[in-house]
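See below for work-v4.txt, which holds compact mmCIF, C-alpha atoms.
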```
# COMPACT_ATOMS: atom_id res chain seq x y z
CA MET A 68 87.06 100.21 87.60
CA ALA A 69 85.82 96.98 86.11
CA THR A 70 84.24 96.12 82.82
CA GLU A 71 82.29 92.88 82.41
CA TYR A 72 82.03 90.81 79.26
CA GLY A 73 80.30 87.51 78.73
CA HIS A 74 77.94 87.55 81.79
CA GLY A 75 80.78 87.60 84.31
CA TYR A 76 82.19 84.20 83.46
CA ALA A 77 85.67 85.00 84.67
CA GLN A 78 84.30 86.55 87.86
CA GLU A 79 82.53 83.30 88.65
CA GLN A 80 85.79 81.46 88.08
CA GLY A 81 87.45 83.61 90.70
CA TYR A 82 89.92 85.35 88.43
CA GLY A 83 91.60 88.34 89.98
CA TYR A 84 94.99 89.85 90.49
CA GLU A 85 96.20 87.30 92.98
CA PRO A 86 99.97 87.19 93.47
CA TYR A 87 101.74 84.89 91.08
CA GLU A 88 102.78 81.58 92.56
CA PRO A 89 105.04 79.44 90.39
CA TYR A 90 103.79 75.91 90.09
CA GLU A 91 105.93 73.04 91.20
CA PRO A 92 107.66 71.30 88.28
CA TYR A 93 106.34 67.92 87.29
CA GLY A 94 108.49 64.96 88.18
CA GLU A 95 110.48 66.81 90.84
CA ARG A 96 112.69 64.38 92.69
CA ARG A 97 111.77 63.95 96.35
CA HIS A 98 114.22 62.43 98.81
CA ARG A 99 113.03 60.19 101.58
CA VAL A 100 116.21 60.79 103.59
CA PRO A 101 116.34 64.24 105.26
CA ALA A 102 118.93 66.64 103.90
CA VAL A 103 120.85 66.77 107.18
CA LEU A 104 121.44 63.00 107.06
CA ARG A 105 122.40 62.72 103.41
CA ALA A 106 124.59 65.85 103.29
CA PRO A 107 127.84 64.08 104.38
CA PHE A 108 127.51 61.67 101.46
CA GLU A 109 126.40 64.07 98.71
CA ALA A 110 128.76 64.92 95.87
CA ARG A 111 128.16 68.61 96.47
CA SER A 112 129.56 68.38 100.00
CA TRP A 113 132.71 66.62 98.82
CA ARG A 114 133.17 69.12 95.97
CA GLU A 115 132.92 72.01 98.41
CA PHE A 116 135.32 70.31 100.80
CA GLY A 117 137.76 69.81 97.93
CA TYR A 118 137.38 73.48 97.01
CA VAL A 119 138.33 74.50 100.55
CA LEU A 120 141.34 72.15 100.61
CA LEU A 121 142.62 73.47 97.28
CA GLY A 122 142.01 77.02 98.44
CA LEU A 123 145.04 77.10 100.74
CA PRO A 124 147.78 76.29 98.18
CA VAL A 125 146.03 78.50 95.63
CA GLY A 126 145.79 81.30 98.18
CA VAL A 127 149.48 81.00 99.06
CA THR A 128 150.43 81.17 95.39
CA LEU A 129 148.21 84.18 94.72
CA PHE A 130 149.40 86.01 97.83
CA VAL A 131 153.07 85.42 97.12
CA TRP A 132 152.68 86.59 93.51
CA ALA A 133 150.64 89.66 94.41
CA VAL A 134 152.77 90.85 97.34
CA THR A 135 156.12 90.11 95.67
CA MET A 136 155.32 91.73 92.34
CA LEU A 137 153.48 94.66 93.92
CA SER A 138 156.35 95.37 96.31
CA LEU A 139 158.88 95.06 93.52
CA GLY A 140 156.90 97.32 91.20
CA VAL A 141 156.28 99.99 93.88
CA GLY A 142 159.92 99.85 94.96
CA LEU A 143 161.08 100.44 91.38
CA LEU A 144 158.67 103.27 90.60
CA VAL A 145 161.60 105.67 90.80
CA THR A 146 162.91 103.93 87.69
CA PHE A 147 161.25 103.22 84.38
CA ILE A 148 160.86 99.53 85.20
CA GLY A 149 158.40 99.95 88.07
CA ILE A 150 155.29 100.82 86.02
CA PRO A 151 155.60 97.86 83.61
CA LEU A 152 156.19 95.55 86.61
CA LEU A 153 152.99 96.78 88.20
CA ALA A 154 151.17 96.09 84.95
CA VAL A 155 152.65 92.57 84.83
CA ALA A 156 151.60 92.01 88.45
CA LEU A 157 148.02 93.04 87.69
CA ALA A 158 147.95 91.00 84.48
CA GLY A 159 149.13 87.95 86.42
CA CYS A 160 146.33 88.49 88.94
CA ARG A 161 143.85 88.60 86.06
CA GLY A 162 145.24 85.29 84.79
CA PHE A 163 144.91 83.72 88.23
CA GLY A 164 141.39 85.12 88.36
CA ALA A 165 140.48 83.16 85.24
CA LEU A 166 141.75 79.98 86.93
CA GLU A 167 139.75 80.79 90.07
CA ARG A 168 136.57 81.27 88.05
CA ALA A 169 137.21 77.88 86.44
CA ARG A 170 137.78 76.29 89.87
CA ALA A 171 134.57 77.80 91.22
CA ARG A 172 132.70 76.65 88.12
CA GLY A 173 133.96 73.08 88.44
CA LEU A 174 133.67 72.56 92.21
CA LEU A 175 131.07 75.07 93.39
CA LYS A 176 128.99 75.05 90.19
CA LEU A 177 129.22 78.84 90.28
CA THR A 178 129.22 80.38 86.83
CA VAL A 179 130.75 83.85 86.79
CA ALA A 180 131.05 85.70 83.50
CA ASP A 181 134.45 86.91 82.38
CA PRO A 182 135.09 90.55 83.21
CA GLU A 183 135.20 93.20 80.53
CA PRO A 184 138.34 93.01 78.39
CA LEU A 185 141.03 95.67 78.36
CA ARG A 186 140.14 98.71 76.29
CA MET A 187 143.16 99.96 74.35
CA ARG A 188 142.81 102.97 72.09
CA LYS A 189 145.82 101.92 70.05
CA PRO A 190 148.02 98.81 69.86
CA GLY A 191 151.40 98.58 71.52
CA PHE A 192 153.08 97.63 74.78
CA PHE A 193 152.70 101.02 76.45
CA ALA A 194 149.02 101.19 75.50
CA TRP A 195 148.60 97.76 77.10
CA VAL A 196 150.38 98.91 80.28
CA GLY A 197 148.12 101.93 80.51
CA ALA A 198 144.99 99.88 79.92
CA VAL A 199 145.94 97.37 82.64
CA LEU A 200 146.69 100.08 85.20
CA LYS A 201 143.50 102.02 84.41
CA SER A 202 141.24 98.95 84.56
CA GLY A 203 139.28 98.65 87.78
CA THR A 204 138.97 94.92 87.08
CA SER A 205 142.74 94.51 87.41
CA TRP A 206 142.79 96.11 90.85
CA ARG A 207 139.81 94.03 91.98
CA HIS A 208 141.74 90.90 90.99
CA LEU A 209 144.71 92.15 93.03
CA LEU A 210 142.43 92.71 96.02
CA TYR A 211 141.11 89.17 95.65
CA ALA A 212 144.65 87.78 95.61
CA VAL A 213 145.43 89.56 98.89
CA LEU A 214 142.17 88.74 100.70
CA GLN A 215 141.86 85.16 99.57
CA PHE A 216 144.99 83.98 101.42
CA PRO A 217 143.92 84.68 105.04
CA TRP A 218 140.40 83.51 104.34
CA SER A 219 141.56 80.29 102.64
CA MET A 220 143.84 79.56 105.62
CA PHE A 221 140.98 80.04 108.08
CA SER A 222 138.50 77.98 106.09
CA PHE A 223 141.12 75.25 105.49
CA VAL A 224 141.80 74.84 109.20
CA VAL A 225 138.14 74.91 110.21
CA ALA A 226 136.92 72.53 107.50
CA LEU A 227 139.77 70.03 107.87
CA ASN A 228 139.49 69.85 111.66
CA PHE A 229 135.73 69.43 111.69
CA TRP A 230 135.86 66.83 108.93
CA ALA A 231 138.76 64.85 110.46
CA TYR A 232 137.50 64.92 114.04
CA GLY A 233 133.95 64.13 112.98
CA TRP A 234 134.79 60.98 111.03
CA ALA A 235 137.46 59.93 113.54
CA LEU A 236 135.09 60.11 116.50
CA LEU A 237 132.22 58.57 114.55
CA THR A 238 134.32 55.51 113.69
CA TYR A 239 135.98 55.32 117.15
CA PRO A 240 134.25 52.01 118.02
CA LEU A 241 136.03 50.47 115.01
CA TRP A 242 139.57 51.47 115.96
CA PHE A 243 139.69 52.09 119.73
CA TRP A 244 141.35 48.64 120.16
CA VAL A 245 144.54 50.17 118.77
CA PHE A 246 145.27 51.87 122.13
CA PRO A 247 145.35 48.81 124.43
CA VAL A 248 147.13 46.71 121.83
CA TRP A 249 149.76 49.15 120.57
CA ALA A 250 149.82 52.15 122.98
CA GLY A 251 149.45 50.39 126.33
CA GLN A 252 146.45 52.45 127.44
CA GLY A 253 142.75 51.74 127.70
CA GLY A 254 141.60 54.07 124.96
CA LEU A 255 141.69 57.61 123.64
CA GLN A 256 142.93 59.94 126.39
CA LEU A 257 140.39 62.63 127.18
CA TYR A 258 142.32 64.24 130.05
CA GLY A 259 145.59 63.61 131.85
CA ASP A 260 148.02 65.22 134.28
CA ALA A 261 150.69 64.08 136.74
CA HIS A 262 148.17 62.49 139.10
CA HIS A 263 145.41 60.90 137.02
CA SER A 264 144.16 60.37 133.47
CA VAL A 265 140.77 59.87 131.84
CA TYR A 266 140.45 57.42 128.95
CA LEU A 267 137.47 56.67 126.73
CA ASP A 268 137.55 52.93 127.21
CA ASN A 269 134.20 51.62 128.45
CA PRO A 270 131.17 50.91 126.21
CA PHE A 271 129.22 53.93 127.42
CA GLU A 272 132.08 56.34 126.76
CA ILE A 273 132.77 54.75 123.38
CA THR A 274 129.10 55.15 122.40
CA VAL A 275 128.97 58.79 123.54
CA THR A 276 132.18 59.49 121.62
CA SER A 277 130.67 58.01 118.48
CA LEU A 278 127.49 60.09 118.90
CA VAL A 279 129.55 63.26 119.30
CA GLY A 280 131.39 62.30 116.11
CA LEU A 281 128.03 61.82 114.39
CA LEU A 282 127.01 65.36 115.34
CA PHE A 283 130.32 66.70 114.03
CA THR A 284 129.96 64.70 110.81
CA LEU A 285 126.42 65.92 110.19
CA ALA A 286 127.31 69.53 110.93
CA THR A 287 130.53 69.65 108.90
CA PRO A 288 128.93 69.86 105.39
CA TRP A 289 126.84 72.84 106.47
CA ILE A 290 129.84 74.55 108.05
CA VAL A 291 131.84 74.00 104.86
CA ARG A 292 128.89 75.28 102.84
CA ALA A 293 128.83 78.45 104.93
CA LEU A 294 132.57 78.88 104.37
CA THR A 295 132.24 78.46 100.62
CA LEU A 296 129.43 81.02 100.63
CA VAL A 297 132.05 83.65 101.41
CA ASP A 298 134.18 82.27 98.56
CA ARG A 299 131.20 82.56 96.23
CA LEU A 300 130.70 86.19 97.21
CA MET A 301 134.39 86.97 96.72
CA VAL A 302 134.60 85.28 93.32
CA HIS A 303 131.38 86.86 92.11
CA GLY A 304 132.11 90.32 93.47
CA LEU A 305 135.83 90.64 92.71
CA LEU A 306 136.50 88.36 89.74
CA GLY A 307 133.37 88.92 87.68
CA PRO A 308 132.30 91.88 85.57
CA SER A 309 131.42 95.07 87.39
CA LYS A 310 127.79 96.10 87.76
CA LEU A 311 128.38 99.04 85.44
CA ALA A 312 129.92 96.86 82.74
CA SER A 313 127.10 94.31 83.07
CA ARG A 314 124.56 97.07 82.81
CA VAL A 315 126.25 98.46 79.69
CA VAL A 316 126.18 95.03 78.04
CA GLU A 317 122.53 94.60 79.01
CA LEU A 318 121.60 98.01 77.61
CA GLU A 319 123.47 97.30 74.38
CA SER A 320 121.53 94.05 74.02
CA ASP A 321 118.25 95.78 74.86
CA ARG A 322 118.98 98.50 72.33
CA GLY A 323 119.43 95.87 69.63
CA ILE A 324 116.12 94.27 70.60
CA VAL A 325 114.33 97.62 70.51
CA VAL A 326 115.82 98.47 67.10
CA ASP A 327 114.84 95.06 65.69
CA ALA A 328 111.33 95.37 67.11
CA ALA A 329 110.90 98.85 65.66
CA ALA A 330 112.16 97.66 62.27
CA ALA A 331 109.75 94.71 62.36
CA ASP A 332 106.85 97.04 63.21
CA LEU A 333 107.76 99.35 60.34
CA ARG A 334 107.88 96.40 57.93
CA ARG A 335 104.51 95.21 59.19
CA ILE A 336 102.96 98.66 58.77
CA GLU A 337 104.45 99.00 55.28
CA ARG A 338 103.15 95.55 54.32
CA ASP A 339 99.68 96.28 55.68
CA LEU A 340 99.53 99.59 53.83
CA HIS A 341 100.81 98.10 50.59
CA ASP A 342 98.68 94.96 50.61
CA GLY A 343 95.58 96.48 52.20
CA ALA A 344 94.59 100.12 52.10
CA GLN A 345 96.96 101.13 49.29
CA ALA A 346 95.82 98.35 46.96
CA ARG A 347 92.18 99.13 47.75
CA LEU A 348 92.68 102.86 47.09
CA VAL A 349 94.40 102.10 43.75
CA ALA A 350 91.46 99.94 42.73
CA LEU A 351 89.10 102.69 43.91
CA ALA A 352 90.88 105.28 41.76
CA MET A 353 90.59 103.01 38.72
CA ASP A 354 86.88 102.43 39.36
CA LEU A 355 86.24 106.16 39.68
CA GLY A 356 88.15 106.75 36.46
CA LEU A 357 85.95 104.24 34.64
CA ALA A 358 82.82 105.79 36.18
CA LYS A 359 83.93 109.22 34.97
CA GLU A 360 84.28 107.89 31.40
CA LYS A 361 80.83 106.25 31.51
CA LEU A 362 79.15 109.26 33.07
CA GLN A 363 78.12 110.67 29.68
CA GLU A 364 77.48 107.37 27.87
CA ASP A 365 75.74 105.31 30.59
CA PRO A 366 74.79 107.36 33.67
CA GLN A 367 73.16 104.38 35.38
CA ALA A 368 76.27 102.20 35.06
CA ALA A 369 78.37 105.11 36.29
CA ALA A 370 76.08 105.53 39.31
CA ARG A 371 76.46 101.81 40.16
CA MET A 372 80.23 102.12 39.90
CA VAL A 373 80.23 105.19 42.15
CA ASP A 374 78.07 103.32 44.65
CA GLU A 375 80.52 100.41 44.65
CA ALA A 376 83.38 102.86 45.05
CA HIS A 377 81.60 104.35 48.05
CA GLY A 378 81.59 100.92 49.68
CA GLU A 379 85.28 100.49 48.90
CA VAL A 380 85.97 103.85 50.57
CA LYS A 381 84.27 102.65 53.75
CA THR A 382 86.28 99.43 53.70
CA ALA A 383 89.54 101.32 53.14
CA LEU A 384 88.72 103.69 56.00
CA GLN A 385 88.05 100.74 58.31
CA GLU A 386 91.37 99.16 57.34
CA LEU A 387 93.15 102.45 58.03
CA ARG A 388 91.42 102.69 61.42
CA ASP A 389 92.51 99.15 62.28
CA LEU A 390 96.04 99.95 61.20
CA ALA A 391 96.09 103.14 63.27
CA ARG A 392 94.72 101.22 66.24
CA GLY A 393 97.56 98.73 65.86
CA ILE A 394 100.11 101.56 65.92
CA HIS A 395 98.68 103.47 68.87
CA PRO A 396 94.93 103.55 69.48
CA ALA A 397 93.36 106.93 70.06
CA VAL A 398 91.28 105.57 72.94
CA LEU A 399 94.48 104.76 74.81
CA THR A 400 95.71 108.34 74.48
CA ASP A 401 92.36 109.89 75.33
CA ARG A 402 90.98 107.61 78.06
CA GLY A 403 93.80 105.40 79.30
CA LEU A 404 94.35 101.70 79.82
CA ASP A 405 90.93 100.83 81.24
CA ALA A 406 88.99 101.94 78.16
CA ALA A 407 91.64 100.72 75.71
CA LEU A 408 91.86 97.24 77.23
CA SER A 409 88.07 97.01 77.43
CA ALA A 410 87.95 97.71 73.70
CA VAL A 411 90.52 94.99 73.04
CA ALA A 412 88.65 92.55 75.26
CA SER A 413 85.39 93.18 73.41
CA ARG A 414 87.04 91.95 70.19
CA CYS A 415 88.35 88.74 71.80
CA THR A 416 86.63 85.49 70.79
CA VAL A 417 86.03 84.49 74.44
CA PRO A 418 84.38 86.40 77.31
CA VAL A 419 86.99 88.54 79.09
CA ARG A 420 86.76 90.44 82.36
CA VAL A 421 88.96 93.53 82.57
CA GLU A 422 89.84 95.20 85.84
CA VAL A 423 92.24 98.15 85.97
CA ASP A 424 93.08 99.45 89.44
CA LEU A 425 95.30 102.48 88.87
CA ALA A 426 95.05 105.76 90.75
CA GLU A 427 97.03 107.55 88.04
CA ARG A 428 98.26 106.88 84.54
CA PRO A 429 101.80 105.70 83.86
CA ALA A 430 104.07 107.27 81.28
CA ALA A 431 102.80 107.07 77.72
CA ALA A 432 105.58 104.68 76.63
CA ILE A 433 104.89 102.25 79.50
CA GLU A 434 101.15 102.55 78.93
CA GLY A 435 101.63 101.69 75.26
CA ILE A 436 103.78 98.65 76.06
CA ALA A 437 101.21 97.45 78.61
CA TYR A 438 98.42 97.83 76.04
CA PHE A 439 100.22 95.90 73.33
CA THR A 440 101.28 93.20 75.80
CA VAL A 441 97.69 92.52 76.83
CA SER A 442 96.54 92.78 73.22
CA GLU A 443 99.09 90.18 72.11
CA LEU A 444 98.16 87.83 74.96
CA LEU A 445 94.45 88.10 74.17
CA GLN A 446 95.18 87.35 70.52
CA ASN A 447 97.04 84.22 71.61
CA ILE A 448 94.02 83.21 73.68
CA SER A 449 91.73 83.71 70.69
CA LYS A 450 93.98 81.69 68.36
CA HIS A 451 95.50 78.93 70.46
CA ALA A 452 94.09 78.58 73.98
CA ARG A 453 90.69 77.01 73.18
CA ALA A 454 89.45 78.73 76.33
CA SER A 455 85.91 79.56 77.40
CA GLY A 456 86.81 82.59 79.51
CA ALA A 457 89.66 84.89 80.43
CA ALA A 458 90.49 87.75 82.77
CA VAL A 459 92.82 90.76 82.59
CA ASP A 460 93.98 92.53 85.75
CA VAL A 461 96.16 95.62 85.90
CA TRP A 462 97.44 97.21 89.10
CA ARG A 463 100.39 99.04 90.57
CA SER A 464 102.74 97.49 93.12
CA ALA A 465 105.30 99.95 94.51
CA ASP A 466 107.34 101.09 91.51
CA ARG A 467 106.09 98.34 89.15
CA LEU A 468 103.10 98.17 86.82
CA MET A 469 101.64 94.67 87.06
CA LEU A 470 99.65 92.91 84.34
CA GLN A 471 98.06 89.50 84.62
CA VAL A 472 96.14 87.61 81.94
CA VAL A 473 94.46 84.33 82.91
CA ASP A 474 92.54 81.86 80.76
CA ASP A 475 91.05 78.41 81.34
CA GLY A 476 92.33 76.94 78.08
CA VAL A 477 94.46 73.91 77.28
CA GLY A 478 97.73 75.42 78.57
CA GLY A 479 101.18 74.37 77.40
CA ALA A 480 102.39 77.88 76.56
CA ASP A 481 106.15 78.24 76.85
CA THR A 482 108.49 81.15 76.08
CA ALA A 483 111.35 78.70 75.40
CA ARG A 484 109.74 77.45 72.18
CA GLY A 485 110.54 80.59 70.20
CA SER A 486 106.87 81.57 69.90
CA GLY A 487 105.34 85.02 70.10
CA LEU A 488 105.70 84.84 73.87
CA ALA A 489 109.49 84.76 73.48
CA GLY A 490 109.41 87.94 71.40
CA LEU A 491 107.07 89.53 73.92
CA ALA A 492 109.44 88.63 76.75
CA GLU A 493 112.35 90.20 74.84
CA ARG A 494 110.40 93.42 74.31
CA LEU A 495 109.57 93.64 78.00
CA ASP A 496 113.15 92.89 78.94
CA ALA A 497 114.28 95.80 76.77
CA VAL A 498 112.54 98.19 79.21
CA ASP A 499 113.54 96.27 82.38
CA GLY A 500 110.29 94.37 82.37
CA ILE A 501 109.61 90.72 83.20
CA LEU A 502 107.27 88.15 81.67
CA VAL A 503 106.41 85.03 83.70
CA VAL A 504 104.37 82.25 82.12
CA ASP A 505 102.69 79.59 84.27
CA SER A 506 100.96 77.27 81.83
CA PRO A 507 100.91 73.56 82.75
CA VAL A 508 99.57 71.19 80.14
CA GLY A 509 95.80 71.07 80.57
CA GLY A 510 95.65 74.62 81.86
CA PRO A 511 94.93 77.07 83.22
CA THR A 512 97.41 79.59 81.84
CA ARG A 513 98.51 82.54 83.94
CA VAL A 514 100.79 85.13 82.31
CA THR A 515 102.17 87.82 84.61
CA ALA A 516 104.06 90.84 83.28
CA GLU A 517 105.91 93.49 85.22
CA LEU A 518 106.88 96.89 83.85
CA PRO A 519 108.71 99.73 85.55
CA TRP A 520 106.35 102.45 86.73
CA ARG A 521 107.23 105.75 85.18
CA GLY A 522 104.76 108.47 85.91
```

So, in terms of structure tokens, how does the structure I just supplied come out?
Amino acid sequence: MATEYGHGYAQEQGYGYEPYEPYEPYGERRHRVPAVLRAPFEARSWREFGYVLLGLPVGVTLFVWAVTMLSLGVGLLVTFIGIPLLAVALAGCRGFGALERARARGLLKLTVADPEPLRMRKPGFFAWVGAVLKSGTSWRHLLYAVLQFPWSMFSFVVALNFWAYGWALLTYPLWFWVFPVWAGQGGLQLYGDAHHSVYLDNPFEITVTSLVGLLFTLATPWIVRALTLVDRLMVHGLLGPSKLASRVVELESDRGIVVDAAAADLRRIERDLHDGAQARLVALAMDLGLAKEKLQEDPQAAARMVDEAHGEVKTALQELRDLARGIHPAVLTDRGLDAALSAVASRCTVPVRVEVDLAERPAAAIEGIAYFTVSELLQNISKHARASGAAVDVWRSADRLMLQVVDDGVGGADTARGSGLAGLAERLDAVDGILVVDSPVGGPTRVTAELPWRG
């Protein structure tokens, strides 16, 4: 279903619901040296290598603490001391977890939020012991302390051997002279038994050895990166907040946004009623009162005043209709998004093409949010874009309702500037929606919104 405005301007421009493609940032740094060649010298590779080297002593410390305290606490469960020792063991693991998050943040540039704090119903030592033992975060930290030791030992051995052998073989032409001078042999011994030996001592063998070292050196950063990927997963999965806790925090934040938005809408409606229709109706009542008094003395003047009051009634009714449309338009309830968005587009200051491709209607709440999102974006186009045409496309993709508004204006829209787009993004986020703005300076501007489909 499509509705055309402005002689199909946007259709000629090729607007449609094409998939959103983020534009490449201006001034992006481009390297002339391929990544595989510069990896051994990048700071990231050395940070990751340092993380792996530090992992072994940290892993030993964590493992010793966890196993010792856990064994001691379990062994003393028959006494009163065992339960507090278990709590101390878990609390220590949580403390080590904070250090591990800091190490990952400094060397891997991995930012993991702190887990949810202990929830104690009342203060006191025994309440703290109970909270530690009941916390799933504490047991996840203990699991990390146990698993990190064997993994850190494996990654330490692999990374150190690849790194050492790679650089040693690569630089072999610089130090092979050590063997004939100080060891009494031609070069590095490749093979040897009681009958014969093979040494890397001629130019060809030295060159091949160096090339093998080059391959090892180039491959080592990527091997270390693969090893630290497992560390990233462990830190993120075991030392960070649980998915349930993160979801609770997100919902609490979204609830605050929804409450603030509702309060702002109520204030806006109250202001519009007080400054608009209410003030006009008060003036209308006063005019009718004066007309009633003049009805006997000067019927003609009273008739003029009634006629003026009739005009005021029409104006007040129009203001009330506009206010009701701003709350929830009747056309949206009766005929759906296609008709409602077409009505909004007809009031825009630039020609707008509207195309709604929906086999069924979404839930009323989602439909209302979609309507007000497009309405707000079209108002921005009218006020700020200086565009000559725009297009609105609405369609369903799997379990998401997709909206896209495109204009050929001056661009430069940005949600980070605290504008109306930022508030719109917050409102969409409150219902698990997404707002993506692609608006380079000079245009065009493409705003894509996603909302959950709820039938």

Contacts of segment 133-135 of chain A at 8 Å (all atoms listed in the file; same-chain gap of 5+ positions) as an mmCIF file with C-alpha atoms, in the frame of the given file:
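Final file, around_4.cif:
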```cif
data_model
loop_
_atom_site.group_PDB
_atom_site.id
_atom_site.type_symbol
_atom_site.label_atom_id
_atom_site.label_comp_id
_atom_site.auth_asym_id
_atom_site.auth_seq_id
_atom_site.Cartn_x
_atom_site.Cartn_y
_atom_site.Cartn_z
ATOM 1 C CA ALA A 156 151.600 92.010 88.450
ATOM 2 C CA LEU A 157 148.020 93.040 87.690
ATOM 3 C CA CYS A 160 146.330 88.490 88.940
ATOM 4 C CA LEU A 209 144.710 92.150 93.030
ATOM 5 C CA ALA A 212 144.650 87.780 95.610
ATOM 6 C CA VAL A 213 145.430 89.560 98.890
#
```

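Residues in contact range of Thr276 of chain A, defined as at most 8 Å between all atoms listed in the file, with sequence neighbours fewer than 5 positions away removed, read Leu236, Leu237, Tyr239 and Leu267 of chain A.
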
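Of the residues under consideration (A:Ala158, A:Val472, A:Met372, A:Val477), A:Val472 shows the shortest atom-to-atom contact distance to Thr515 of chain A when counting only C-alpha atoms.
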
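Using all atoms listed in the file, the contacts of segment 108-125 of chain A at a cut-off of 8 Å, with sequence neighbours closer than 2 positions omitted, comprise Arg105, Ala106, Val127, Thr128, Leu129, Arg170, Ala171, Leu174, Leu175, Phe216, Ser219, Met220, Ser222, Phe223, Ala226, Leu227, Pro288, Val291, Arg292 and Thr295 of chain A.
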
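Comparing A:Ser449, A:Ala457, A:Leu152, A:Ala169 by their smallest distance to Arg420 of chain A, the closest is A:Ala457 (using all atoms listed in the file).
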
Which value, in Å to one decimal, gives the distance between atom CA of Arg99 of chain A and atom CA of Leu281 of chain A?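 Spanning atom CA of Arg99 of chain A to atom CA of Leu281 of chain A is a straight-line distance of 19.8 Å.
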
For atom CA of Arg207 of chain A and atom CA of Ile148 of chain A, the interatomic separation in Å (one decimal):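 Between atom CA of Arg207 of chain A and atom CA of Ile148 of chain A the gap works out to 22.8 Å.
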
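Between atom CA of Leu139 of chain A and atom CA of Gly159 of chain A the interatomic distance comes to 14.0 Å.
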
A:Trp242, A:Phe271, A:Trp218, A:Tyr232 ranked by distance to Leu294 of chain A, top pick (using only C-alpha atoms): A:Trp218

Between A:Ala458, A:Leu488, A:Pro182, A:Leu425, which residue has the minimum interatomic distance to Glu443 of chain A, considering only C-alpha atoms? A:Leu488

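Among the candidate residues A:Met187, A:Val441, A:Val196, A:Val179, the one lying nearest to Leu300 of chain A is A:Val179, with distances computed using all atoms listed in the file.
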